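Visitor: If you scroll down you'll find the structure; I have some questions about it.
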Amino acid sequence: MKQALVMTSFGTSVPEARGSIAAVERVLEEAACGYTAVRAFTSPTIRRILAGRGEDVPSLTGALEQLCQAGARRVAVQPTHLLYGYEYDKLKAEAEAFSDRFEQLAVGRPLLAGSRDILRFAEQLAAARPRQAGTAVVCMGHGTEHFANAAYPALQTALRLSGREDILIGTVEGWPGLEDVLRQLRAPCAVQLLPLMLVAGDHARNDMSVAWKGALERAGHRVRCGFTGLGELAWVQDMYREKVLETLEQAGQ
């Protein structure tokens, strides 16, 4: 084995949500022709839950160690993470610990790695959700205290500057939050509540469909939830394809 691609996700324990990760992995593997593709999940909790179900998914360190033993020389690590943050920082440090054990080791960028990515994402999101009179689209992201959380308000700004004030961005653990979203919905309306996450996992099935939906309904809105993870969207897959091609180039393809 000369070259390998490590497709690295946070992971999910929700079987119904797994398809979003698998869809992105298929795109990454197809783009990395000639590379041996392996999967890694970074969440110890997710890996432990899956191990209890009889499925062994390695950590990034475990996957890289296996590739070392298999004699891989060039390795590309492509995260499926949405943005930079604490999880990405840990992933990169974990990978860089192996930098002297391969001839080439490249760590890819997340989906929203810069302004061009954010603008493109906003444009594609707006095109995928045409304006409907009396309807708002609320997209719920994870959020983080990391400075990379700025990607969310930047995405909101990009949507507003394009004239799509009807699409609102909120986060569970960052800013803007649910209260910020509620303040912007001044009059009762129909709300399409959607996950702004790679997978529609625990957060979508609990925070979004219970806490957020309930708060919106108490404010007088009529809410319909969607459970399609970003990884299942063709235009998001296209963005990941471009990311991995960039990573493979760095790895010396």
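Convention: chains lettered A, B, ... in structure tokens order; per-chain residue numbering from 1; ligands numbered from 1 as shown.
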Give me, as a Markdown table, the closest atom pair and its distance (Å, one decimal) for every residue of segment 2-23 of chain A within a cut-off of 10 Å of segment 55-65 of chain A, counting only C-alpha atoms, rows sorted by chain and rising number.

Guide:
```
| residue | atom | partner | partner_atom | distance |
| --- | --- | --- | --- | --- |
| A:Ala4 | CA | A:Leu64 | CA | 9.5 |
| A:Leu5 | CA | A:Leu64 | CA | 9.9 |
| A:Val6 | CA | A:Ala63 | CA | 7.4 |
| A:Met7 | CA | A:Leu60 | CA | 9.0 |
| A:Thr8 | CA | A:Leu60 | CA | 6.9 |
| A:Ser9 | CA | A:Leu60 | CA | 9.2 |
| A:Phe10 | CA | A:Ser59 | CA | 9.6 |
| A:Gly11 | CA | A:Val57 | CA | 9.4 |
```

Visitor: Can you list, as a ChimeraX atom specification, every residue of segment 50-233 of chain A that DSSP puts in strand (DSSP E)?

Guide: /A:74-79,104-107,135-141,167-171,190-195,222-225

Visitor: Produce a table with one row for each residue of segment 96-129 of chain A that has an atom at most 12 Å from any atom of segment 147-150 of chain A, each row naming the nearest atom pair and its distance in Å at one decimal; use only C-alpha atoms; arrange rows by chain and rising residue number; format as a tab-separated table.

Guide:
```
residue	atom	partner	partner_atom	distance
A:Pro110	CA	A:Ala148	CA	11.1
A:Leu112	CA	A:Ala148	CA	9.7
A:Ala113	CA	A:Ala148	CA	9.3
A:Gly114	CA	A:Ala148	CA	10.2
A:Ser115	CA	A:Ala150	CA	10.9
A:Ile118	CA	A:Ala150	CA	10.8
```

Visitor: Using DSSP on the backbone coordinates, identify all residues within segment 7-252 of chain A classified as helix (DSSP H, G or I); present the result as a compact mmCIF listing (two decimals) with N, CA, C and O atoms, in the first residue's frame.

Guide:
```txt
# COMPACT_ATOMS: atom_id res chain seq x y z
N PRO A 15 -28.50 5.28 13.73
CA PRO A 15 -28.41 4.53 12.47
C PRO A 15 -29.03 5.26 11.29
O PRO A 15 -28.48 5.23 10.17
N GLU A 16 -30.16 5.94 11.50
CA GLU A 16 -30.84 6.62 10.39
C GLU A 16 -30.01 7.78 9.84
O GLU A 16 -30.21 8.20 8.71
N ALA A 17 -29.12 8.31 10.66
CA ALA A 17 -28.32 9.45 10.24
C ALA A 17 -27.02 9.05 9.56
O ALA A 17 -26.33 9.88 8.97
N ARG A 18 -26.69 7.78 9.63
CA ARG A 18 -25.40 7.31 9.13
C ARG A 18 -25.26 7.50 7.62
O ARG A 18 -24.16 7.64 7.10
N GLY A 19 -26.39 7.52 6.92
CA GLY A 19 -26.35 7.67 5.48
C GLY A 19 -25.68 8.95 5.01
O GLY A 19 -25.09 8.99 3.93
N SER A 20 -25.76 10.01 5.81
CA SER A 20 -25.13 11.28 5.43
C SER A 20 -23.62 11.15 5.39
O SER A 20 -22.95 11.67 4.50
N ILE A 21 -23.07 10.45 6.38
CA ILE A 21 -21.62 10.23 6.40
C ILE A 21 -21.22 9.32 5.24
O ILE A 21 -20.26 9.59 4.52
N ALA A 22 -22.00 8.25 5.04
CA ALA A 22 -21.68 7.31 3.96
C ALA A 22 -21.72 7.98 2.60
O ALA A 22 -20.89 7.68 1.73
N ALA A 23 -22.65 8.90 2.41
CA ALA A 23 -22.77 9.60 1.12
C ALA A 23 -21.53 10.44 0.84
O ALA A 23 -21.01 10.44 -0.29
N VAL A 24 -21.05 11.14 1.85
CA VAL A 24 -19.84 11.95 1.67
C VAL A 24 -18.62 11.05 1.48
O VAL A 24 -17.76 11.32 0.63
N GLU A 25 -18.56 9.96 2.23
CA GLU A 25 -17.44 9.04 2.09
C GLU A 25 -17.37 8.47 0.67
O GLU A 25 -16.27 8.30 0.11
N ARG A 26 -18.52 8.17 0.07
CA ARG A 26 -18.52 7.66 -1.31
C ARG A 26 -17.91 8.68 -2.27
O ARG A 26 -17.14 8.32 -3.16
N VAL A 27 -18.26 9.94 -2.07
CA VAL A 27 -17.72 11.00 -2.93
C VAL A 27 -16.21 11.14 -2.74
O VAL A 27 -15.45 11.26 -3.71
N LEU A 28 -15.76 11.09 -1.49
CA LEU A 28 -14.33 11.22 -1.19
C LEU A 28 -13.55 10.05 -1.80
O LEU A 28 -12.49 10.24 -2.40
N GLU A 29 -14.12 8.84 -1.64
CA GLU A 29 -13.43 7.65 -2.14
C GLU A 29 -13.36 7.66 -3.67
O GLU A 29 -12.33 7.29 -4.26
N GLU A 30 -14.42 8.09 -4.32
CA GLU A 30 -14.42 8.17 -5.78
C GLU A 30 -13.39 9.18 -6.28
O GLU A 30 -12.74 8.96 -7.31
N ALA A 31 -13.26 10.29 -5.55
CA ALA A 31 -12.30 11.33 -5.96
C ALA A 31 -10.86 10.87 -5.76
O ALA A 31 -9.95 11.33 -6.46
N PRO A 44 -14.82 9.53 20.98
CA PRO A 44 -14.68 8.30 21.77
C PRO A 44 -16.03 7.73 22.19
O PRO A 44 -16.21 6.50 22.22
N THR A 45 -16.97 8.61 22.50
CA THR A 45 -18.29 8.15 22.92
C THR A 45 -19.00 7.39 21.80
O THR A 45 -19.57 6.32 22.01
N ILE A 46 -18.95 7.96 20.60
CA ILE A 46 -19.58 7.30 19.45
C ILE A 46 -18.92 5.96 19.17
O ILE A 46 -19.60 4.94 18.95
N ARG A 47 -17.61 5.92 19.22
CA ARG A 47 -16.90 4.66 18.95
C ARG A 47 -17.25 3.60 19.99
O ARG A 47 -17.40 2.42 19.68
N ARG A 48 -17.39 4.03 21.24
CA ARG A 48 -17.74 3.09 22.31
C ARG A 48 -19.15 2.52 22.11
O ARG A 48 -19.37 1.32 22.28
N ILE A 49 -20.09 3.39 21.74
CA ILE A 49 -21.45 2.94 21.48
C ILE A 49 -21.48 1.95 20.32
O ILE A 49 -22.12 0.89 20.39
N LEU A 50 -20.77 2.27 19.25
CA LEU A 50 -20.75 1.39 18.08
C LEU A 50 -20.07 0.06 18.40
O LEU A 50 -20.49 -0.99 17.93
N ALA A 51 -19.01 0.12 19.23
CA ALA A 51 -18.33 -1.12 19.62
C ALA A 51 -19.27 -2.04 20.39
O ALA A 51 -19.23 -3.26 20.24
N GLY A 52 -20.14 -1.42 21.20
CA GLY A 52 -21.13 -2.21 21.93
C GLY A 52 -22.14 -2.87 21.02
O GLY A 52 -22.80 -3.85 21.42
N LEU A 60 -8.76 8.35 14.70
CA LEU A 60 -7.80 8.79 13.69
C LEU A 60 -6.42 8.23 14.01
O LEU A 60 -5.71 7.73 13.12
N THR A 61 -6.02 8.27 15.28
CA THR A 61 -4.74 7.70 15.68
C THR A 61 -4.68 6.21 15.35
O THR A 61 -3.68 5.72 14.82
N GLY A 62 -5.76 5.50 15.65
CA GLY A 62 -5.79 4.07 15.35
C GLY A 62 -5.68 3.80 13.86
O GLY A 62 -4.95 2.88 13.44
N ALA A 63 -6.38 4.59 13.05
CA ALA A 63 -6.33 4.40 11.60
C ALA A 63 -4.94 4.69 11.06
O ALA A 63 -4.42 3.94 10.21
N LEU A 64 -4.31 5.76 11.54
CA LEU A 64 -2.97 6.11 11.07
C LEU A 64 -1.94 5.07 11.50
O LEU A 64 -1.02 4.75 10.75
N GLU A 65 -2.11 4.54 12.71
CA GLU A 65 -1.19 3.49 13.17
C GLU A 65 -1.32 2.25 12.29
O GLU A 65 -0.30 1.64 11.92
N GLN A 66 -2.53 1.89 11.94
CA GLN A 66 -2.75 0.74 11.06
C GLN A 66 -2.11 0.97 9.70
O GLN A 66 -1.52 0.04 9.10
N LEU A 67 -2.19 2.19 9.19
CA LEU A 67 -1.60 2.50 7.89
C LEU A 67 -0.08 2.45 7.95
O LEU A 67 0.58 2.03 7.00
N CYS A 68 0.46 2.88 9.08
CA CYS A 68 1.91 2.77 9.26
C CYS A 68 2.34 1.31 9.18
O CYS A 68 3.31 0.96 8.48
N GLN A 69 1.63 0.45 9.89
CA GLN A 69 1.96 -0.96 9.91
C GLN A 69 1.79 -1.60 8.53
O GLN A 69 2.49 -2.55 8.19
N ALA A 70 0.87 -1.04 7.74
CA ALA A 70 0.62 -1.59 6.40
C ALA A 70 1.60 -1.06 5.37
O ALA A 70 1.57 -1.47 4.20
N TYR A 86 -12.70 23.27 17.95
CA TYR A 86 -11.91 22.47 18.87
C TYR A 86 -11.73 21.04 18.35
O TYR A 86 -10.65 20.46 18.48
N GLU A 87 -12.79 20.47 17.75
CA GLU A 87 -12.68 19.11 17.22
C GLU A 87 -11.67 19.05 16.08
O GLU A 87 -10.88 18.10 15.98
N TYR A 88 -11.68 20.07 15.23
CA TYR A 88 -10.73 20.10 14.13
C TYR A 88 -9.31 20.29 14.66
O TYR A 88 -8.36 19.66 14.18
N ASP A 89 -9.14 21.15 15.66
CA ASP A 89 -7.82 21.37 16.25
C ASP A 89 -7.24 20.07 16.79
O ASP A 89 -6.05 19.76 16.59
N LYS A 90 -8.09 19.30 17.49
CA LYS A 90 -7.63 18.02 18.05
C LYS A 90 -7.28 17.05 16.93
O LYS A 90 -6.28 16.32 17.01
N LEU A 91 -8.10 17.03 15.90
CA LEU A 91 -7.86 16.15 14.75
C LEU A 91 -6.51 16.46 14.10
O LEU A 91 -5.71 15.56 13.82
N LYS A 92 -6.26 17.73 13.91
CA LYS A 92 -5.01 18.12 13.23
C LYS A 92 -3.79 17.77 14.08
O LYS A 92 -2.78 17.28 13.57
N ALA A 93 -3.89 18.01 15.40
CA ALA A 93 -2.77 17.67 16.28
C ALA A 93 -2.53 16.16 16.30
O ALA A 93 -1.38 15.70 16.31
N GLU A 94 -3.62 15.41 16.27
CA GLU A 94 -3.53 13.95 16.27
C GLU A 94 -2.83 13.47 15.01
O GLU A 94 -1.97 12.58 15.05
N ALA A 95 -3.18 14.07 13.88
CA ALA A 95 -2.56 13.67 12.62
C ALA A 95 -1.10 14.08 12.55
O ALA A 95 -0.24 13.30 12.11
N GLU A 96 -0.81 15.28 12.99
CA GLU A 96 0.56 15.79 12.89
C GLU A 96 1.54 15.03 13.76
O GLU A 96 2.75 15.07 13.52
N SER A 115 -14.04 32.54 3.33
CA SER A 115 -15.14 33.38 2.84
C SER A 115 -15.76 32.83 1.56
O SER A 115 -16.98 32.86 1.40
N ARG A 116 -14.93 32.33 0.65
CA ARG A 116 -15.48 31.81 -0.61
C ARG A 116 -16.39 30.61 -0.35
O ARG A 116 -17.43 30.46 -1.00
N ASP A 117 -16.01 29.77 0.60
CA ASP A 117 -16.86 28.62 0.94
C ASP A 117 -18.19 29.08 1.53
O ASP A 117 -19.24 28.53 1.20
N ILE A 118 -18.13 30.07 2.40
CA ILE A 118 -19.34 30.57 3.05
C ILE A 118 -20.28 31.20 2.03
O ILE A 118 -21.49 30.96 2.03
N LEU A 119 -19.72 32.00 1.14
CA LEU A 119 -20.54 32.63 0.10
C LEU A 119 -21.16 31.58 -0.84
O LEU A 119 -22.33 31.70 -1.21
N ARG A 120 -20.39 30.59 -1.19
CA ARG A 120 -20.91 29.53 -2.06
C ARG A 120 -22.00 28.74 -1.34
O ARG A 120 -23.05 28.43 -1.93
N PHE A 121 -21.77 28.42 -0.07
CA PHE A 121 -22.76 27.67 0.70
C PHE A 121 -24.06 28.47 0.79
O PHE A 121 -25.16 27.91 0.61
N ALA A 122 -23.96 29.77 1.07
CA ALA A 122 -25.15 30.61 1.18
C ALA A 122 -25.91 30.64 -0.15
O ALA A 122 -27.15 30.55 -0.18
N GLU A 123 -25.18 30.76 -1.25
CA GLU A 123 -25.81 30.80 -2.58
C GLU A 123 -26.55 29.49 -2.87
O GLU A 123 -27.69 29.49 -3.35
N GLN A 124 -25.90 28.36 -2.57
CA GLN A 124 -26.51 27.06 -2.84
C GLN A 124 -27.69 26.80 -1.92
O GLN A 124 -28.71 26.23 -2.35
N LEU A 125 -27.57 27.20 -0.67
CA LEU A 125 -28.68 27.02 0.28
C LEU A 125 -29.89 27.82 -0.17
O LEU A 125 -31.04 27.32 -0.14
N ALA A 126 -29.66 29.05 -0.58
CA ALA A 126 -30.76 29.90 -1.05
C ALA A 126 -31.42 29.31 -2.29
O ALA A 126 -32.65 29.32 -2.43
N ALA A 127 -30.62 28.76 -3.19
CA ALA A 127 -31.17 28.16 -4.41
C ALA A 127 -31.98 26.91 -4.10
O ALA A 127 -33.00 26.62 -4.74
N ALA A 128 -31.53 26.16 -3.08
CA ALA A 128 -32.22 24.92 -2.72
C ALA A 128 -33.52 25.18 -1.96
O ALA A 128 -34.38 24.30 -1.91
N PHE A 147 -13.44 30.42 18.25
CA PHE A 147 -13.63 31.61 17.40
C PHE A 147 -14.15 31.25 16.01
O PHE A 147 -14.74 32.08 15.32
N ALA A 148 -13.98 29.99 15.61
CA ALA A 148 -14.47 29.55 14.31
C ALA A 148 -15.99 29.59 14.23
O ALA A 148 -16.56 29.51 13.14
N ASN A 149 -16.67 29.77 15.37
CA ASN A 149 -18.12 29.92 15.37
C ASN A 149 -18.55 31.11 14.51
O ASN A 149 -19.71 31.17 14.08
N ALA A 150 -17.63 32.02 14.24
CA ALA A 150 -17.94 33.19 13.41
C ALA A 150 -18.45 32.80 12.03
O ALA A 150 -19.06 33.62 11.34
N ALA A 151 -18.22 31.55 11.62
CA ALA A 151 -18.73 31.10 10.32
C ALA A 151 -20.25 31.17 10.27
O ALA A 151 -20.82 31.43 9.21
N TYR A 152 -20.92 30.96 11.41
CA TYR A 152 -22.39 30.98 11.41
C TYR A 152 -22.95 32.38 11.18
O TYR A 152 -23.78 32.56 10.29
N PRO A 153 -22.54 33.39 11.96
CA PRO A 153 -23.04 34.73 11.64
C PRO A 153 -22.57 35.23 10.28
O PRO A 153 -23.26 36.02 9.63
N ALA A 154 -21.41 34.75 9.82
CA ALA A 154 -20.95 35.13 8.48
C ALA A 154 -21.89 34.56 7.43
O ALA A 154 -22.22 35.22 6.44
N LEU A 155 -22.34 33.34 7.65
CA LEU A 155 -23.29 32.72 6.72
C LEU A 155 -24.61 33.49 6.74
O LEU A 155 -25.22 33.73 5.69
N GLN A 156 -25.05 33.90 7.94
CA GLN A 156 -26.27 34.69 8.04
C GLN A 156 -26.14 36.01 7.29
O GLN A 156 -27.04 36.44 6.57
N THR A 157 -24.98 36.66 7.43
CA THR A 157 -24.74 37.93 6.74
C THR A 157 -24.77 37.73 5.22
O THR A 157 -25.34 38.54 4.49
N ALA A 158 -24.14 36.65 4.75
CA ALA A 158 -24.12 36.38 3.31
C ALA A 158 -25.54 36.20 2.78
O ALA A 158 -25.88 36.70 1.69
N LEU A 159 -26.38 35.53 3.54
CA LEU A 159 -27.77 35.33 3.12
C LEU A 159 -28.53 36.65 3.09
O LEU A 159 -29.28 36.94 2.15
N ARG A 160 -28.33 37.47 4.09
CA ARG A 160 -29.03 38.77 4.15
C ARG A 160 -28.58 39.68 3.02
O ARG A 160 -29.40 40.37 2.41
N LEU A 161 -27.30 39.71 2.74
CA LEU A 161 -26.79 40.57 1.68
C LEU A 161 -27.28 40.13 0.30
O LEU A 161 -27.33 40.93 -0.63
N LEU A 178 -31.01 30.21 19.77
CA LEU A 178 -32.45 30.12 19.54
C LEU A 178 -33.15 31.44 19.82
O LEU A 178 -34.04 31.86 19.07
N GLU A 179 -32.77 32.12 20.89
CA GLU A 179 -33.40 33.39 21.23
C GLU A 179 -33.17 34.43 20.14
O GLU A 179 -34.05 35.25 19.85
N ASP A 180 -32.01 34.40 19.54
CA ASP A 180 -31.71 35.34 18.44
C ASP A 180 -32.61 35.05 17.23
O ASP A 180 -33.07 35.97 16.55
N VAL A 181 -32.84 33.78 16.99
CA VAL A 181 -33.73 33.39 15.88
C VAL A 181 -35.16 33.86 16.17
O VAL A 181 -35.83 34.46 15.31
N LEU A 182 -35.63 33.61 17.39
CA LEU A 182 -37.00 33.99 17.75
C LEU A 182 -37.23 35.49 17.62
O LEU A 182 -38.29 35.93 17.19
N ARG A 183 -36.23 36.28 17.98
CA ARG A 183 -36.38 37.75 17.90
C ARG A 183 -36.54 38.22 16.46
O ARG A 183 -37.16 39.26 16.20
N GLN A 184 -35.98 37.47 15.51
CA GLN A 184 -36.06 37.88 14.12
C GLN A 184 -37.38 37.48 13.46
O GLN A 184 -37.73 38.02 12.42
N ASP A 202 -28.44 13.07 16.91
CA ASP A 202 -29.06 13.35 18.21
C ASP A 202 -29.56 14.78 18.33
O ASP A 202 -30.65 15.03 18.84
N HIS A 203 -28.75 15.74 17.88
CA HIS A 203 -29.17 17.15 18.00
C HIS A 203 -30.45 17.41 17.20
O HIS A 203 -31.35 18.11 17.66
N ALA A 204 -30.51 16.85 16.00
CA ALA A 204 -31.69 17.08 15.17
C ALA A 204 -32.92 16.41 15.78
O ALA A 204 -34.02 16.97 15.74
N ARG A 205 -32.73 15.24 16.34
CA ARG A 205 -33.87 14.48 16.85
C ARG A 205 -34.28 14.88 18.26
O ARG A 205 -35.33 14.48 18.75
N ASN A 206 -33.45 15.66 18.94
CA ASN A 206 -33.78 16.12 20.28
C ASN A 206 -33.88 17.64 20.34
O ASN A 206 -34.96 18.20 20.49
N ASP A 207 -32.74 18.33 20.21
CA ASP A 207 -32.76 19.79 20.29
C ASP A 207 -33.68 20.41 19.25
O ASP A 207 -34.51 21.26 19.56
N MET A 208 -33.54 19.98 18.00
CA MET A 208 -34.30 20.62 16.92
C MET A 208 -35.77 20.25 16.96
O MET A 208 -36.65 21.13 17.00
N SER A 209 -36.07 18.95 16.97
CA SER A 209 -37.46 18.53 16.84
C SER A 209 -38.25 18.63 18.14
O SER A 209 -39.47 18.51 18.13
N VAL A 210 -37.57 18.87 19.26
CA VAL A 210 -38.26 18.98 20.55
C VAL A 210 -38.13 20.41 21.08
O VAL A 210 -39.09 21.18 21.08
N ALA A 211 -36.93 20.79 21.51
CA ALA A 211 -36.74 22.10 22.15
C ALA A 211 -37.00 23.26 21.19
O ALA A 211 -37.77 24.18 21.49
N TRP A 212 -36.37 23.25 20.03
CA TRP A 212 -36.52 24.36 19.09
C TRP A 212 -37.93 24.39 18.51
O TRP A 212 -38.54 25.45 18.43
N LYS A 213 -38.44 23.25 18.12
CA LYS A 213 -39.79 23.19 17.57
C LYS A 213 -40.81 23.69 18.60
O LYS A 213 -41.71 24.48 18.27
N GLY A 214 -40.65 23.25 19.84
CA GLY A 214 -41.58 23.66 20.88
C GLY A 214 -41.55 25.16 21.13
O GLY A 214 -42.59 25.81 21.27
N ALA A 215 -40.33 25.73 21.18
CA ALA A 215 -40.20 27.17 21.42
C ALA A 215 -40.82 27.98 20.28
O ALA A 215 -41.49 28.99 20.50
N LEU A 216 -40.60 27.53 19.05
CA LEU A 216 -41.18 28.22 17.90
C LEU A 216 -42.69 28.13 17.90
O LEU A 216 -43.39 29.11 17.59
N GLU A 217 -43.22 26.99 18.25
CA GLU A 217 -44.67 26.82 18.27
C GLU A 217 -45.30 27.65 19.39
O GLU A 217 -46.38 28.24 19.21
N ARG A 218 -44.63 27.74 20.52
CA ARG A 218 -45.15 28.58 21.61
C ARG A 218 -45.17 30.05 21.22
O ARG A 218 -45.97 30.83 21.74
N LEU A 230 -26.67 17.45 5.93
CA LEU A 230 -26.00 18.13 4.82
C LEU A 230 -25.27 17.15 3.90
O LEU A 230 -25.17 17.36 2.69
N GLY A 231 -24.76 16.06 4.47
CA GLY A 231 -24.01 15.10 3.68
C GLY A 231 -24.80 14.43 2.58
O GLY A 231 -24.23 13.87 1.64
N GLU A 232 -26.14 14.50 2.67
CA GLU A 232 -26.98 13.88 1.65
C GLU A 232 -27.28 14.81 0.48
O GLU A 232 -27.90 14.39 -0.50
N ALA A 234 -26.44 16.97 -2.80
CA ALA A 234 -25.47 16.85 -3.89
C ALA A 234 -24.52 18.04 -3.94
O ALA A 234 -23.32 17.87 -4.20
N TRP A 235 -25.03 19.25 -3.69
CA TRP A 235 -24.15 20.42 -3.80
C TRP A 235 -23.15 20.47 -2.64
O TRP A 235 -22.03 20.98 -2.81
N VAL A 236 -23.51 19.93 -1.49
CA VAL A 236 -22.56 19.83 -0.38
C VAL A 236 -21.50 18.77 -0.70
O VAL A 236 -20.31 18.97 -0.45
N GLN A 237 -21.93 17.68 -1.29
CA GLN A 237 -20.98 16.64 -1.71
C GLN A 237 -19.98 17.19 -2.71
O GLN A 237 -18.79 16.85 -2.67
N ASP A 238 -20.44 18.07 -3.61
CA ASP A 238 -19.52 18.69 -4.57
C ASP A 238 -18.45 19.51 -3.86
O ASP A 238 -17.28 19.51 -4.26
N MET A 239 -18.84 20.21 -2.80
CA MET A 239 -17.88 21.00 -2.05
C MET A 239 -16.85 20.11 -1.35
O MET A 239 -15.65 20.42 -1.32
N TYR A 240 -17.31 18.98 -0.81
CA TYR A 240 -16.38 18.04 -0.18
C TYR A 240 -15.44 17.44 -1.22
O TYR A 240 -14.26 17.19 -0.95
N ARG A 241 -15.96 17.17 -2.42
CA ARG A 241 -15.11 16.61 -3.47
C ARG A 241 -13.95 17.57 -3.78
O ARG A 241 -12.79 17.13 -3.92
N GLU A 242 -14.25 18.84 -3.86
CA GLU A 242 -13.20 19.82 -4.14
C GLU A 242 -12.20 19.89 -2.99
O GLU A 242 -11.00 20.06 -3.21
N LYS A 243 -12.70 19.75 -1.76
CA LYS A 243 -11.80 19.78 -0.61
C LYS A 243 -10.82 18.61 -0.64
O LYS A 243 -9.62 18.77 -0.39
N VAL A 244 -11.32 17.42 -0.94
CA VAL A 244 -10.42 16.26 -0.91
C VAL A 244 -9.43 16.30 -2.07
O VAL A 244 -8.28 15.88 -1.93
N LEU A 245 -9.83 16.83 -3.22
CA LEU A 245 -8.89 16.96 -4.34
C LEU A 245 -7.75 17.90 -3.97
O LEU A 245 -6.58 17.66 -4.32
N GLU A 246 -8.07 18.93 -3.23
CA GLU A 246 -7.05 19.86 -2.73
C GLU A 246 -6.11 19.15 -1.76
O GLU A 246 -4.89 19.32 -1.81
N THR A 247 -6.67 18.31 -0.90
CA THR A 247 -5.86 17.57 0.08
C THR A 247 -4.97 16.55 -0.60
O THR A 247 -3.80 16.39 -0.24
N LEU A 248 -5.50 15.87 -1.60
CA LEU A 248 -4.72 14.87 -2.32
C LEU A 248 -3.54 15.51 -3.04
O LEU A 248 -2.44 14.93 -3.12
N GLU A 249 -3.76 16.71 -3.55
CA GLU A 249 -2.66 17.43 -4.20
C GLU A 249 -1.54 17.72 -3.21
O GLU A 249 -0.35 17.60 -3.51
N GLN A 250 -1.93 18.10 -2.00
CA GLN A 250 -0.94 18.38 -0.95
C GLN A 250 -0.19 17.12 -0.56
O GLN A 250 0.99 17.17 -0.19
```

Visitor: Can you work out which one of A:Ala97, A:Phe41, A:Ala72, A:Val77 has the shortest atom-to-atom distance to Lys2 of chain A, counting only C-alpha atoms?

Guide: A:Ala72
